[in-house]
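Reproduced below: model-v8.cif, with mmCIF, N, CA and C atoms and all ligand atoms.
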data_query
#
loop_
_atom_site.label_atom_id
_atom_site.label_comp_id
_atom_site.auth_asym_id
_atom_site.auth_seq_id
_atom_site.Cartn_x
_atom_site.Cartn_y
_atom_site.Cartn_z
N MET A 166 -118.76 -0.94 0.26
CA MET A 166 -118.11 -0.49 1.51
C MET A 166 -117.20 0.70 1.22
N ALA A 167 -117.41 1.78 1.94
CA ALA A 167 -116.75 3.04 1.62
C ALA A 167 -115.22 2.94 1.66
N ASP A 168 -114.69 2.18 2.62
CA ASP A 168 -113.23 2.15 2.76
C ASP A 168 -112.60 0.96 2.04
N CYS A 169 -113.35 0.33 1.13
CA CYS A 169 -112.81 -0.83 0.39
C CYS A 169 -112.30 -0.35 -0.97
N ILE A 170 -111.03 -0.64 -1.22
CA ILE A 170 -110.40 -0.15 -2.45
C ILE A 170 -111.05 -0.74 -3.70
N PHE A 171 -111.48 -2.00 -3.64
CA PHE A 171 -112.11 -2.60 -4.82
C PHE A 171 -113.52 -2.06 -5.01
N CYS A 172 -114.25 -1.76 -3.94
CA CYS A 172 -115.56 -1.10 -4.08
C CYS A 172 -115.38 0.26 -4.74
N GLN A 173 -114.31 0.97 -4.38
CA GLN A 173 -114.05 2.28 -4.97
C GLN A 173 -113.72 2.14 -6.46
N ILE A 174 -113.00 1.08 -6.81
CA ILE A 174 -112.72 0.81 -8.23
C ILE A 174 -114.02 0.49 -8.96
N ILE A 175 -114.85 -0.36 -8.37
CA ILE A 175 -116.14 -0.75 -8.98
C ILE A 175 -117.02 0.48 -9.19
N ASN A 176 -117.01 1.39 -8.21
CA ASN A 176 -117.84 2.60 -8.30
C ASN A 176 -117.24 3.66 -9.21
N GLY A 177 -116.00 3.44 -9.68
CA GLY A 177 -115.35 4.42 -10.55
C GLY A 177 -114.68 5.55 -9.79
N ASP A 178 -114.62 5.44 -8.46
CA ASP A 178 -113.97 6.49 -7.67
C ASP A 178 -112.45 6.42 -7.77
N ILE A 179 -111.94 5.21 -8.05
CA ILE A 179 -110.50 5.02 -8.28
C ILE A 179 -110.38 4.43 -9.68
N PRO A 180 -109.48 4.98 -10.50
CA PRO A 180 -109.37 4.46 -11.87
C PRO A 180 -108.79 3.06 -11.91
N SER A 181 -109.20 2.30 -12.91
CA SER A 181 -108.62 0.97 -13.13
C SER A 181 -108.67 0.72 -14.62
N VAL A 182 -107.90 -0.25 -15.06
CA VAL A 182 -107.87 -0.60 -16.48
C VAL A 182 -108.76 -1.83 -16.65
N THR A 183 -109.95 -1.57 -17.18
CA THR A 183 -111.00 -2.60 -17.20
C THR A 183 -110.87 -3.52 -18.40
N ILE A 184 -111.10 -4.80 -18.13
CA ILE A 184 -111.10 -5.82 -19.19
C ILE A 184 -112.52 -6.27 -19.50
N TYR A 185 -113.34 -6.37 -18.46
CA TYR A 185 -114.70 -6.87 -18.63
C TYR A 185 -115.55 -6.34 -17.48
N GLU A 186 -116.80 -6.07 -17.78
CA GLU A 186 -117.70 -5.60 -16.73
C GLU A 186 -119.14 -5.95 -17.09
N ASP A 187 -119.90 -6.42 -16.13
CA ASP A 187 -121.35 -6.54 -16.30
C ASP A 187 -121.99 -6.22 -14.96
N ASP A 188 -123.26 -6.59 -14.80
CA ASP A 188 -123.95 -6.19 -13.56
C ASP A 188 -123.37 -6.87 -12.32
N GLN A 189 -122.75 -8.03 -12.52
CA GLN A 189 -122.30 -8.82 -11.37
C GLN A 189 -120.81 -8.70 -11.05
N VAL A 190 -119.99 -8.52 -12.09
CA VAL A 190 -118.53 -8.60 -11.89
C VAL A 190 -117.80 -7.51 -12.65
N LYS A 191 -116.56 -7.34 -12.24
CA LYS A 191 -115.64 -6.48 -13.00
C LYS A 191 -114.29 -7.18 -13.04
N ALA A 192 -113.65 -7.15 -14.20
CA ALA A 192 -112.28 -7.67 -14.33
C ALA A 192 -111.39 -6.52 -14.76
N PHE A 193 -110.27 -6.36 -14.07
CA PHE A 193 -109.36 -5.24 -14.37
C PHE A 193 -107.93 -5.67 -14.10
N LEU A 194 -106.99 -4.94 -14.68
CA LEU A 194 -105.58 -5.29 -14.50
C LEU A 194 -105.16 -5.06 -13.06
N ASP A 195 -104.47 -6.04 -12.50
CA ASP A 195 -103.87 -5.90 -11.16
C ASP A 195 -102.74 -4.87 -11.26
N ILE A 196 -102.74 -3.94 -10.32
CA ILE A 196 -101.76 -2.85 -10.35
C ILE A 196 -100.32 -3.39 -10.28
N SER A 197 -100.16 -4.56 -9.66
CA SER A 197 -98.79 -5.09 -9.48
C SER A 197 -98.24 -5.73 -10.75
N GLN A 198 -99.10 -6.17 -11.67
CA GLN A 198 -98.64 -6.84 -12.91
C GLN A 198 -97.53 -7.84 -12.63
N GLY A 199 -97.83 -8.77 -11.71
CA GLY A 199 -96.86 -9.82 -11.35
C GLY A 199 -96.21 -10.42 -12.58
N THR A 200 -97.01 -10.70 -13.58
CA THR A 200 -96.53 -10.94 -14.94
C THR A 200 -97.44 -10.11 -15.84
N PRO A 201 -96.99 -9.79 -17.06
CA PRO A 201 -97.81 -8.94 -17.92
C PRO A 201 -99.17 -9.56 -18.22
N GLY A 202 -100.23 -8.80 -17.95
CA GLY A 202 -101.58 -9.30 -18.15
C GLY A 202 -102.25 -9.76 -16.87
N HIS A 203 -101.54 -9.71 -15.76
CA HIS A 203 -102.08 -10.10 -14.44
C HIS A 203 -103.39 -9.35 -14.22
N THR A 204 -104.47 -10.11 -14.04
CA THR A 204 -105.84 -9.57 -14.01
C THR A 204 -106.54 -10.03 -12.74
N LEU A 205 -107.46 -9.19 -12.27
CA LEU A 205 -108.32 -9.54 -11.13
C LEU A 205 -109.76 -9.58 -11.59
N LEU A 206 -110.50 -10.58 -11.13
CA LEU A 206 -111.95 -10.66 -11.32
C LEU A 206 -112.60 -10.51 -9.95
N VAL A 207 -113.50 -9.54 -9.83
CA VAL A 207 -114.12 -9.29 -8.52
C VAL A 207 -115.63 -9.26 -8.65
N PRO A 208 -116.35 -9.75 -7.63
CA PRO A 208 -117.80 -9.54 -7.60
C PRO A 208 -118.08 -8.08 -7.28
N LYS A 209 -119.13 -7.51 -7.88
CA LYS A 209 -119.49 -6.13 -7.54
C LYS A 209 -120.05 -6.04 -6.12
N LYS A 210 -120.69 -7.11 -5.69
CA LYS A 210 -121.16 -7.17 -4.30
C LYS A 210 -119.95 -7.32 -3.38
N HIS A 211 -119.91 -6.52 -2.34
CA HIS A 211 -118.77 -6.63 -1.42
C HIS A 211 -118.90 -7.88 -0.56
N VAL A 212 -118.04 -8.84 -0.80
CA VAL A 212 -117.91 -9.98 0.12
C VAL A 212 -116.43 -10.11 0.43
N ARG A 213 -116.15 -10.47 1.66
CA ARG A 213 -114.77 -10.46 2.14
C ARG A 213 -113.93 -11.56 1.48
N ASP A 214 -114.52 -12.74 1.38
CA ASP A 214 -113.74 -13.88 0.92
C ASP A 214 -114.68 -15.00 0.47
N ILE A 215 -114.11 -16.11 0.06
CA ILE A 215 -114.90 -17.22 -0.50
C ILE A 215 -115.92 -17.75 0.50
N PHE A 216 -115.64 -17.60 1.77
CA PHE A 216 -116.53 -18.15 2.79
C PHE A 216 -117.86 -17.38 2.86
N GLU A 217 -117.92 -16.23 2.24
CA GLU A 217 -119.16 -15.43 2.26
C GLU A 217 -120.00 -15.60 0.99
N TYR A 218 -119.55 -16.45 0.06
CA TYR A 218 -120.32 -16.65 -1.17
C TYR A 218 -121.55 -17.52 -0.91
N ASP A 219 -122.68 -17.17 -1.54
CA ASP A 219 -123.78 -18.13 -1.63
C ASP A 219 -123.74 -18.72 -3.06
N ASP A 220 -124.63 -19.65 -3.32
CA ASP A 220 -124.60 -20.35 -4.62
C ASP A 220 -124.76 -19.38 -5.79
N GLN A 221 -125.65 -18.40 -5.63
CA GLN A 221 -125.91 -17.46 -6.73
C GLN A 221 -124.67 -16.62 -7.03
N LEU A 222 -124.02 -16.12 -5.98
CA LEU A 222 -122.83 -15.30 -6.20
C LEU A 222 -121.71 -16.14 -6.82
N ALA A 223 -121.60 -17.38 -6.36
CA ALA A 223 -120.58 -18.27 -6.93
C ALA A 223 -120.80 -18.44 -8.43
N GLN A 224 -122.04 -18.64 -8.79
CA GLN A 224 -122.36 -18.79 -10.22
C GLN A 224 -122.06 -17.50 -10.98
N ASP A 225 -122.47 -16.38 -10.40
CA ASP A 225 -122.28 -15.08 -11.06
C ASP A 225 -120.80 -14.78 -11.29
N VAL A 226 -119.97 -15.17 -10.34
CA VAL A 226 -118.54 -14.83 -10.44
C VAL A 226 -117.78 -15.92 -11.21
N PHE A 227 -117.89 -17.15 -10.77
CA PHE A 227 -117.00 -18.20 -11.30
C PHE A 227 -117.35 -18.59 -12.73
N ARG A 228 -118.57 -18.31 -13.18
CA ARG A 228 -118.89 -18.63 -14.57
C ARG A 228 -118.08 -17.77 -15.54
N HIS A 229 -117.55 -16.64 -15.05
CA HIS A 229 -116.75 -15.77 -15.91
C HIS A 229 -115.29 -16.22 -16.01
N VAL A 230 -114.89 -17.17 -15.20
CA VAL A 230 -113.46 -17.53 -15.15
C VAL A 230 -112.94 -18.04 -16.49
N PRO A 231 -113.62 -18.97 -17.16
CA PRO A 231 -113.09 -19.42 -18.46
C PRO A 231 -113.04 -18.30 -19.50
N LEU A 232 -114.04 -17.43 -19.49
CA LEU A 232 -114.07 -16.30 -20.45
C LEU A 232 -112.83 -15.43 -20.31
N ILE A 233 -112.53 -15.05 -19.07
CA ILE A 233 -111.37 -14.18 -18.82
C ILE A 233 -110.08 -14.94 -19.12
N ALA A 234 -110.03 -16.20 -18.70
CA ALA A 234 -108.82 -17.01 -18.92
C ALA A 234 -108.52 -17.14 -20.41
N ARG A 235 -109.53 -17.45 -21.19
CA ARG A 235 -109.31 -17.62 -22.63
C ARG A 235 -108.86 -16.31 -23.28
N ALA A 236 -109.47 -15.20 -22.86
CA ALA A 236 -109.11 -13.91 -23.45
C ALA A 236 -107.66 -13.56 -23.14
N ILE A 237 -107.25 -13.79 -21.90
CA ILE A 237 -105.85 -13.50 -21.54
C ILE A 237 -104.91 -14.37 -22.37
N LYS A 238 -105.21 -15.66 -22.43
CA LYS A 238 -104.34 -16.59 -23.19
C LYS A 238 -104.23 -16.16 -24.65
N ALA A 239 -105.38 -15.76 -25.23
CA ALA A 239 -105.40 -15.40 -26.65
C ALA A 239 -104.72 -14.06 -26.91
N SER A 240 -104.50 -13.28 -25.84
CA SER A 240 -104.00 -11.91 -26.03
C SER A 240 -102.52 -11.86 -26.36
N ASN A 241 -101.81 -12.96 -26.12
CA ASN A 241 -100.36 -12.92 -26.30
C ASN A 241 -99.83 -14.33 -26.58
N PRO A 242 -99.25 -14.55 -27.74
CA PRO A 242 -98.76 -15.90 -28.07
C PRO A 242 -97.63 -16.36 -27.15
N ALA A 243 -97.02 -15.43 -26.41
CA ALA A 243 -95.93 -15.81 -25.50
C ALA A 243 -96.47 -16.45 -24.22
N ILE A 244 -97.78 -16.36 -23.98
CA ILE A 244 -98.35 -16.93 -22.76
C ILE A 244 -98.45 -18.45 -22.92
N GLN A 245 -97.74 -19.14 -22.02
CA GLN A 245 -97.67 -20.61 -22.09
C GLN A 245 -98.65 -21.29 -21.14
N GLY A 246 -99.07 -20.56 -20.12
CA GLY A 246 -99.97 -21.14 -19.12
C GLY A 246 -100.58 -20.03 -18.29
N LEU A 247 -101.39 -20.42 -17.30
CA LEU A 247 -102.10 -19.41 -16.51
C LEU A 247 -102.35 -19.97 -15.11
N ASN A 248 -101.93 -19.25 -14.09
CA ASN A 248 -102.31 -19.59 -12.72
C ASN A 248 -103.54 -18.78 -12.33
N ILE A 249 -104.55 -19.48 -11.80
CA ILE A 249 -105.76 -18.83 -11.29
C ILE A 249 -105.75 -19.03 -9.78
N VAL A 250 -105.70 -17.92 -9.06
CA VAL A 250 -105.43 -17.97 -7.62
C VAL A 250 -106.47 -17.14 -6.87
N ASN A 251 -106.96 -17.68 -5.78
CA ASN A 251 -107.93 -16.96 -4.96
C ASN A 251 -107.48 -17.07 -3.51
N ASN A 252 -106.96 -15.96 -2.97
CA ASN A 252 -106.43 -15.95 -1.60
C ASN A 252 -107.54 -15.61 -0.61
N ASN A 253 -107.60 -16.37 0.47
CA ASN A 253 -108.63 -16.16 1.49
C ASN A 253 -108.00 -16.12 2.87
N GLY A 254 -107.96 -14.93 3.45
CA GLY A 254 -107.37 -14.77 4.77
C GLY A 254 -105.93 -14.31 4.67
N GLU A 255 -105.53 -13.54 5.68
CA GLU A 255 -104.18 -12.98 5.70
C GLU A 255 -103.11 -14.06 5.60
N VAL A 256 -103.34 -15.17 6.30
CA VAL A 256 -102.36 -16.25 6.30
C VAL A 256 -102.21 -16.86 4.90
N ALA A 257 -103.25 -16.68 4.09
CA ALA A 257 -103.22 -17.21 2.71
C ALA A 257 -102.89 -16.10 1.71
N TYR A 258 -102.24 -15.04 2.19
CA TYR A 258 -101.73 -13.94 1.37
C TYR A 258 -102.80 -12.99 0.87
N GLN A 259 -104.02 -13.03 1.46
CA GLN A 259 -105.00 -12.02 1.06
C GLN A 259 -104.64 -10.68 1.68
N SER A 260 -104.57 -9.64 0.87
CA SER A 260 -104.24 -8.31 1.39
C SER A 260 -105.37 -7.31 1.14
N VAL A 261 -106.23 -7.58 0.17
CA VAL A 261 -107.41 -6.74 -0.05
C VAL A 261 -108.63 -7.60 0.31
N PHE A 262 -109.41 -7.10 1.26
CA PHE A 262 -110.48 -7.96 1.82
C PHE A 262 -111.82 -7.69 1.15
N HIS A 263 -111.76 -7.71 -0.17
CA HIS A 263 -112.93 -7.79 -1.06
C HIS A 263 -112.55 -8.94 -2.00
N SER A 264 -113.34 -9.99 -1.95
CA SER A 264 -112.97 -11.23 -2.66
C SER A 264 -112.56 -10.96 -4.11
N HIS A 265 -111.55 -11.67 -4.56
CA HIS A 265 -111.06 -11.50 -5.93
C HIS A 265 -110.32 -12.75 -6.39
N ILE A 266 -110.29 -12.91 -7.69
CA ILE A 266 -109.58 -14.05 -8.30
C ILE A 266 -108.47 -13.47 -9.17
N HIS A 267 -107.25 -13.97 -8.93
CA HIS A 267 -106.10 -13.55 -9.74
C HIS A 267 -105.98 -14.45 -10.97
N PHE A 268 -105.68 -13.83 -12.08
CA PHE A 268 -105.29 -14.55 -13.30
C PHE A 268 -103.86 -14.12 -13.60
N VAL A 269 -102.94 -15.04 -13.49
CA VAL A 269 -101.53 -14.68 -13.66
C VAL A 269 -100.98 -15.45 -14.87
N PRO A 270 -100.84 -14.76 -16.00
CA PRO A 270 -100.29 -15.43 -17.18
C PRO A 270 -98.87 -15.90 -16.92
N ARG A 271 -98.52 -17.07 -17.45
CA ARG A 271 -97.18 -17.61 -17.26
C ARG A 271 -96.46 -17.70 -18.59
N TYR A 272 -95.25 -17.20 -18.58
CA TYR A 272 -94.45 -17.06 -19.80
C TYR A 272 -93.32 -18.08 -19.83
N THR A 273 -92.67 -18.26 -18.68
CA THR A 273 -91.59 -19.25 -18.56
C THR A 273 -91.66 -19.78 -17.13
N ASP A 274 -90.88 -20.83 -16.84
CA ASP A 274 -90.89 -21.35 -15.47
C ASP A 274 -89.99 -20.52 -14.55
N HIS A 275 -89.39 -19.46 -15.06
CA HIS A 275 -88.65 -18.55 -14.18
C HIS A 275 -89.10 -17.10 -14.41
N ASP A 276 -90.43 -16.93 -14.68
CA ASP A 276 -90.95 -15.56 -14.73
C ASP A 276 -91.21 -15.09 -13.29
N ASP A 277 -91.98 -14.03 -13.11
CA ASP A 277 -92.05 -13.40 -11.79
C ASP A 277 -93.18 -13.91 -10.91
N PHE A 278 -93.60 -15.15 -11.14
CA PHE A 278 -94.62 -15.74 -10.27
C PHE A 278 -94.15 -17.13 -9.86
N ALA A 279 -94.36 -17.48 -8.60
CA ALA A 279 -94.01 -18.83 -8.14
C ALA A 279 -95.05 -19.28 -7.14
N MET A 280 -95.37 -20.55 -7.15
CA MET A 280 -96.31 -21.10 -6.18
C MET A 280 -95.81 -22.50 -5.83
N THR A 281 -95.47 -22.69 -4.60
CA THR A 281 -94.94 -24.00 -4.22
C THR A 281 -95.63 -24.50 -2.95
N PHE A 282 -95.76 -25.80 -2.83
CA PHE A 282 -96.12 -26.38 -1.54
C PHE A 282 -95.33 -27.66 -1.37
N LYS A 283 -95.08 -27.96 -0.10
CA LYS A 283 -94.25 -29.11 0.24
C LYS A 283 -94.99 -30.40 -0.02
N ASP A 284 -94.30 -31.43 -0.45
CA ASP A 284 -94.91 -32.75 -0.59
C ASP A 284 -94.77 -33.49 0.74
N ASN A 285 -95.87 -33.59 1.48
CA ASN A 285 -95.87 -34.27 2.78
C ASN A 285 -96.51 -35.64 2.70
N SER A 286 -96.59 -36.19 1.52
CA SER A 286 -97.35 -37.43 1.34
C SER A 286 -96.79 -38.59 2.17
N ASP A 287 -95.49 -38.53 2.47
CA ASP A 287 -94.88 -39.62 3.26
C ASP A 287 -95.30 -39.58 4.73
N LYS A 288 -95.97 -38.52 5.15
CA LYS A 288 -96.34 -38.38 6.57
C LYS A 288 -97.76 -38.84 6.86
N TYR A 289 -98.49 -39.27 5.83
CA TYR A 289 -99.90 -39.64 6.02
C TYR A 289 -100.16 -41.09 5.60
N THR A 290 -100.84 -41.82 6.47
CA THR A 290 -101.32 -43.15 6.10
C THR A 290 -102.66 -42.98 5.38
N ASN A 291 -103.12 -44.06 4.76
CA ASN A 291 -104.44 -44.01 4.13
C ASN A 291 -105.52 -43.72 5.17
N ALA A 292 -105.33 -44.27 6.39
CA ALA A 292 -106.31 -44.03 7.45
C ALA A 292 -106.34 -42.55 7.84
N ASP A 293 -105.15 -41.94 7.89
CA ASP A 293 -105.10 -40.50 8.19
C ASP A 293 -105.88 -39.71 7.13
N LEU A 294 -105.64 -40.06 5.87
CA LEU A 294 -106.31 -39.33 4.79
C LEU A 294 -107.82 -39.52 4.86
N GLN A 295 -108.23 -40.77 5.18
CA GLN A 295 -109.66 -41.04 5.27
C GLN A 295 -110.30 -40.22 6.39
N GLN A 296 -109.58 -40.11 7.50
CA GLN A 296 -110.10 -39.34 8.65
C GLN A 296 -110.24 -37.86 8.30
N ILE A 297 -109.25 -37.35 7.60
CA ILE A 297 -109.31 -35.94 7.17
C ILE A 297 -110.51 -35.73 6.23
N ALA A 298 -110.64 -36.65 5.28
CA ALA A 298 -111.74 -36.54 4.32
C ALA A 298 -113.09 -36.65 5.00
N ASP A 299 -113.22 -37.59 5.92
CA ASP A 299 -114.50 -37.77 6.63
C ASP A 299 -114.87 -36.50 7.40
N ASN A 300 -113.87 -35.89 8.00
CA ASN A 300 -114.11 -34.66 8.77
C ASN A 300 -114.60 -33.53 7.86
N ILE A 301 -113.95 -33.39 6.71
CA ILE A 301 -114.37 -32.35 5.76
C ILE A 301 -115.78 -32.67 5.24
N LYS A 302 -116.01 -33.93 4.88
CA LYS A 302 -117.31 -34.35 4.33
C LYS A 302 -118.44 -34.05 5.31
N ALA A 303 -118.15 -34.21 6.59
CA ALA A 303 -119.18 -33.99 7.62
C ALA A 303 -119.61 -32.52 7.67
N HIS A 304 -118.83 -31.64 7.08
CA HIS A 304 -119.15 -30.21 7.12
C HIS A 304 -119.65 -29.68 5.77
N LEU A 305 -119.87 -30.55 4.80
CA LEU A 305 -120.28 -30.09 3.47
C LEU A 305 -121.59 -29.34 3.46
N GLU A 306 -122.47 -29.66 4.39
CA GLU A 306 -123.80 -29.03 4.41
C GLU A 306 -123.81 -27.75 5.23
N ASP A 307 -122.68 -27.39 5.85
CA ASP A 307 -122.67 -26.21 6.75
C ASP A 307 -123.06 -24.94 6.01
P1 LIG B 1 -104.31 -10.29 -2.58
O1 LIG B 1 -102.94 -10.21 -1.99
O2 LIG B 1 -104.67 -11.70 -3.07
O3 LIG B 1 -105.35 -9.73 -1.63
O4 LIG B 1 -104.27 -9.39 -3.89
C1 LIG B 1 -104.62 -8.05 -3.90
C2 LIG B 1 -104.15 -7.49 -5.21
O5 LIG B 1 -104.79 -6.24 -5.42
C3 LIG B 1 -102.65 -7.23 -5.31
O6 LIG B 1 -102.08 -8.13 -6.26
C4 LIG B 1 -102.53 -5.81 -5.79
C5 LIG B 1 -103.94 -5.44 -6.20
N1 LIG B 1 -104.29 -4.07 -5.93
C6 LIG B 1 -104.24 -3.44 -4.72
N2 LIG B 1 -104.63 -2.17 -4.86
C7 LIG B 1 -104.97 -2.00 -6.16
C8 LIG B 1 -105.46 -0.88 -6.90
O7 LIG B 1 -105.68 0.22 -6.40
N3 LIG B 1 -105.68 -1.08 -8.23
C9 LIG B 1 -105.46 -2.28 -8.84
N4 LIG B 1 -105.69 -2.37 -10.14
N5 LIG B 1 -105.00 -3.35 -8.16
C10 LIG B 1 -104.75 -3.20 -6.83
#
Using the file provided, produce a representation of the structure as structure tokens.
Amino acid sequence: MADCIFCQIINGDIPSVTIYEDDQVKAFLDISQGTPGHTLLVPKKHVRDIFEYDDQLAQDVFRHVPLIARAIKASNPAIQGLNIVNNNGEVAYQSVFHSHIHFVPRYTDHDDFAMTFKDNSDKYTNADLQQIADNIKAHLED
């Protein structure tokens, strides 16, 4: 897509610092470097978000996740952990609408990345949870 910044990176029209590339994917440093080594893995095929993946694309992209994760971890002994994040939709903090997976190395529990969600477990009965699960299960074949 001509006006997609990640397509332009994939095509070499915009420079990026590449970590890995093959026919299906490219991994490059995120310009924001939320923490040092912050990397993005993107499919070369333009898809907006996870909802547009078919099985083949999922295999082509997600099979690279451990490879990239291990390389980042091995690159710096100060890395204690790694958050792997995939934002889908503006409400979920997606700002570039070419699907991508963030790899954010973690150095300490007060480095420059945070991810929190509220514990609402006291608001749900087992029946509520079962109903939610049944509803999701009913859509697995969609
Ligand atoms: P998200 O908010 O999940 O859509 O993440 C988009 C990321 O893309 C954000 O962390 C910054 C990164 N980014 C945006 N523009 C560029 C760019 O031109 N080059 C690189 N390397 N990264 C970019």
Selection as a list of chain:residue names: residues within 6 Å of ligand LIG 1 (chain B) by only C-alpha atoms and all ligand atoms: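 Listed by chain and ascending number, the contacts are A:Ser181, A:Leu194, A:Asp195, A:Ile196, A:Ser197, A:Asn252, A:Tyr258, A:Gln259, A:Ser260, A:Val261.
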Residue nearest A:Ile237 - candidates A:Met166, A:Pro270, A:Ala303, A:Asp188, atoms counted: only N, CA and C atoms: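 For A:Ile237, the nearest of the given residues is A:Pro270.
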Shell of 7 Å around A:Gln245, only N, CA and C atoms, local chain residues under 6 positions omitted, as number ranges by chain: A: 270-273
Using N, CA and C atoms, can you export the residues from the last selection as a short mmCIF file (atom, residue, chain, number, x, y, z; two decimals), in the coordinates of the input?
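The resulting file, part_30.cif, is shown below:
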data_model
loop_
_atom_site.label_atom_id
_atom_site.label_comp_id
_atom_site.auth_asym_id
_atom_site.auth_seq_id
_atom_site.Cartn_x
_atom_site.Cartn_y
_atom_site.Cartn_z
N PRO A 270 -100.84 -14.76 -16.00
CA PRO A 270 -100.29 -15.43 -17.18
C PRO A 270 -98.87 -15.90 -16.92
N ARG A 271 -98.52 -17.07 -17.45
CA ARG A 271 -97.18 -17.61 -17.26
C ARG A 271 -96.46 -17.70 -18.59
N TYR A 272 -95.25 -17.20 -18.58
CA TYR A 272 -94.45 -17.06 -19.80
C TYR A 272 -93.32 -18.08 -19.83
N THR A 273 -92.67 -18.26 -18.68
CA THR A 273 -91.59 -19.25 -18.56
C THR A 273 -91.66 -19.78 -17.13
#
Gap from atom C of A:Gly199 to atom CA of A:Asp277 - Å, one decimal: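 Those two atoms sit 5.2 Å apart.
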Backbone-only DSSP, strand (DSSP E or B) members of stretch 247-289 of chain A, as a PyMOL selection string: chain A and resi 247-250+266-271
Would you export the selected residues with N, CA and C atoms as a CSV table (one decimal), keeping the file's coordinate frame, please?
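Contents of again_27.csv, freshly written:
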chain,number,residue,atom,x,y,z
A,247,LEU,N,-101.4,-20.4,-17.3
A,247,LEU,CA,-102.1,-19.4,-16.5
A,247,LEU,C,-102.4,-20.0,-15.1
A,248,ASN,N,-101.9,-19.2,-14.1
A,248,ASN,CA,-102.3,-19.6,-12.7
A,248,ASN,C,-103.5,-18.8,-12.3
A,249,ILE,N,-104.6,-19.5,-11.8
A,249,ILE,CA,-105.8,-18.8,-11.3
A,249,ILE,C,-105.8,-19.0,-9.8
A,250,VAL,N,-105.7,-17.9,-9.1
A,250,VAL,CA,-105.4,-18.0,-7.6
A,250,VAL,C,-106.5,-17.1,-6.9
A,266,ILE,N,-110.3,-12.9,-7.7
A,266,ILE,CA,-109.6,-14.0,-8.3
A,266,ILE,C,-108.5,-13.5,-9.2
A,267,HIS,N,-107.2,-14.0,-8.9
A,267,HIS,CA,-106.1,-13.6,-9.7
A,267,HIS,C,-106.0,-14.4,-11.0
A,268,PHE,N,-105.7,-13.8,-12.1
A,268,PHE,CA,-105.3,-14.6,-13.3
A,268,PHE,C,-103.9,-14.1,-13.6
A,269,VAL,N,-102.9,-15.0,-13.5
A,269,VAL,CA,-101.5,-14.7,-13.7
A,269,VAL,C,-101.0,-15.4,-14.9
A,270,PRO,N,-100.8,-14.8,-16.0
A,270,PRO,CA,-100.3,-15.4,-17.2
A,270,PRO,C,-98.9,-15.9,-16.9
A,271,ARG,N,-98.5,-17.1,-17.4
A,271,ARG,CA,-97.2,-17.6,-17.3
A,271,ARG,C,-96.5,-17.7,-18.6
Residues flagged helix (DSSP H, G or I) by DSSP in stretch 185-282 of chain A, as number ranges by chain: A: 215-217, 220-227, 230-239, 255-257
Could the centre and edge lengths of an axis-aligned box, enclosing all atoms of stretch 169-176 of chain A in the file with 6 Å extra on each side, be given in Å to one decimal as AutoDock Vina command-line options?
--center_x -114.1 --center_y 0.5 --center_z -4.0 --size_x 19.4 --size_y 18.3 --size_z 22.3
Length of the atom CA of A:Phe171 to atom CA of A:His211 vector [Å]: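 Computed distance, atom CA of A:Phe171 to atom CA of A:His211, equals 8.5 Å.
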Hey, could you patch up stretch 248-256 of chain A with N, CA, C and O atoms and hand it over as a compact mmCIF listing (two decimals), in the frame of the given file?
# COMPACT_ATOMS: atom_id res chain seq x y z
N ASN A 248 -101.93 -19.25 -14.09
CA ASN A 248 -102.31 -19.59 -12.72
C ASN A 248 -103.54 -18.78 -12.33
O ASN A 248 -103.57 -17.56 -12.52
N ILE A 249 -104.55 -19.48 -11.80
CA ILE A 249 -105.76 -18.83 -11.29
C ILE A 249 -105.75 -19.03 -9.78
O ILE A 249 -105.76 -20.16 -9.30
N VAL A 250 -105.70 -17.92 -9.06
CA VAL A 250 -105.43 -17.97 -7.62
C VAL A 250 -106.47 -17.14 -6.87
O VAL A 250 -106.80 -16.03 -7.30
N ASN A 251 -106.96 -17.68 -5.78
CA ASN A 251 -107.93 -16.96 -4.96
C ASN A 251 -107.48 -17.07 -3.51
O ASN A 251 -107.54 -18.14 -2.91
N ASN A 252 -106.96 -15.96 -2.97
CA ASN A 252 -106.43 -15.95 -1.60
C ASN A 252 -107.54 -15.61 -0.61
O ASN A 252 -108.29 -14.66 -0.83
N ASN A 253 -107.60 -16.37 0.47
CA ASN A 253 -108.63 -16.16 1.49
C ASN A 253 -108.00 -16.12 2.87
O ASN A 253 -107.57 -17.15 3.38
N GLY A 254 -107.96 -14.93 3.45
CA GLY A 254 -107.37 -14.77 4.77
C GLY A 254 -105.93 -14.31 4.67
O GLY A 254 -105.22 -14.63 3.71
N GLU A 255 -105.53 -13.54 5.68
CA GLU A 255 -104.18 -12.98 5.70
C GLU A 255 -103.11 -14.06 5.60
O GLU A 255 -102.12 -13.91 4.90
N VAL A 256 -103.34 -15.17 6.30
CA VAL A 256 -102.36 -16.25 6.30
C VAL A 256 -102.21 -16.86 4.90
O VAL A 256 -101.18 -17.44 4.58
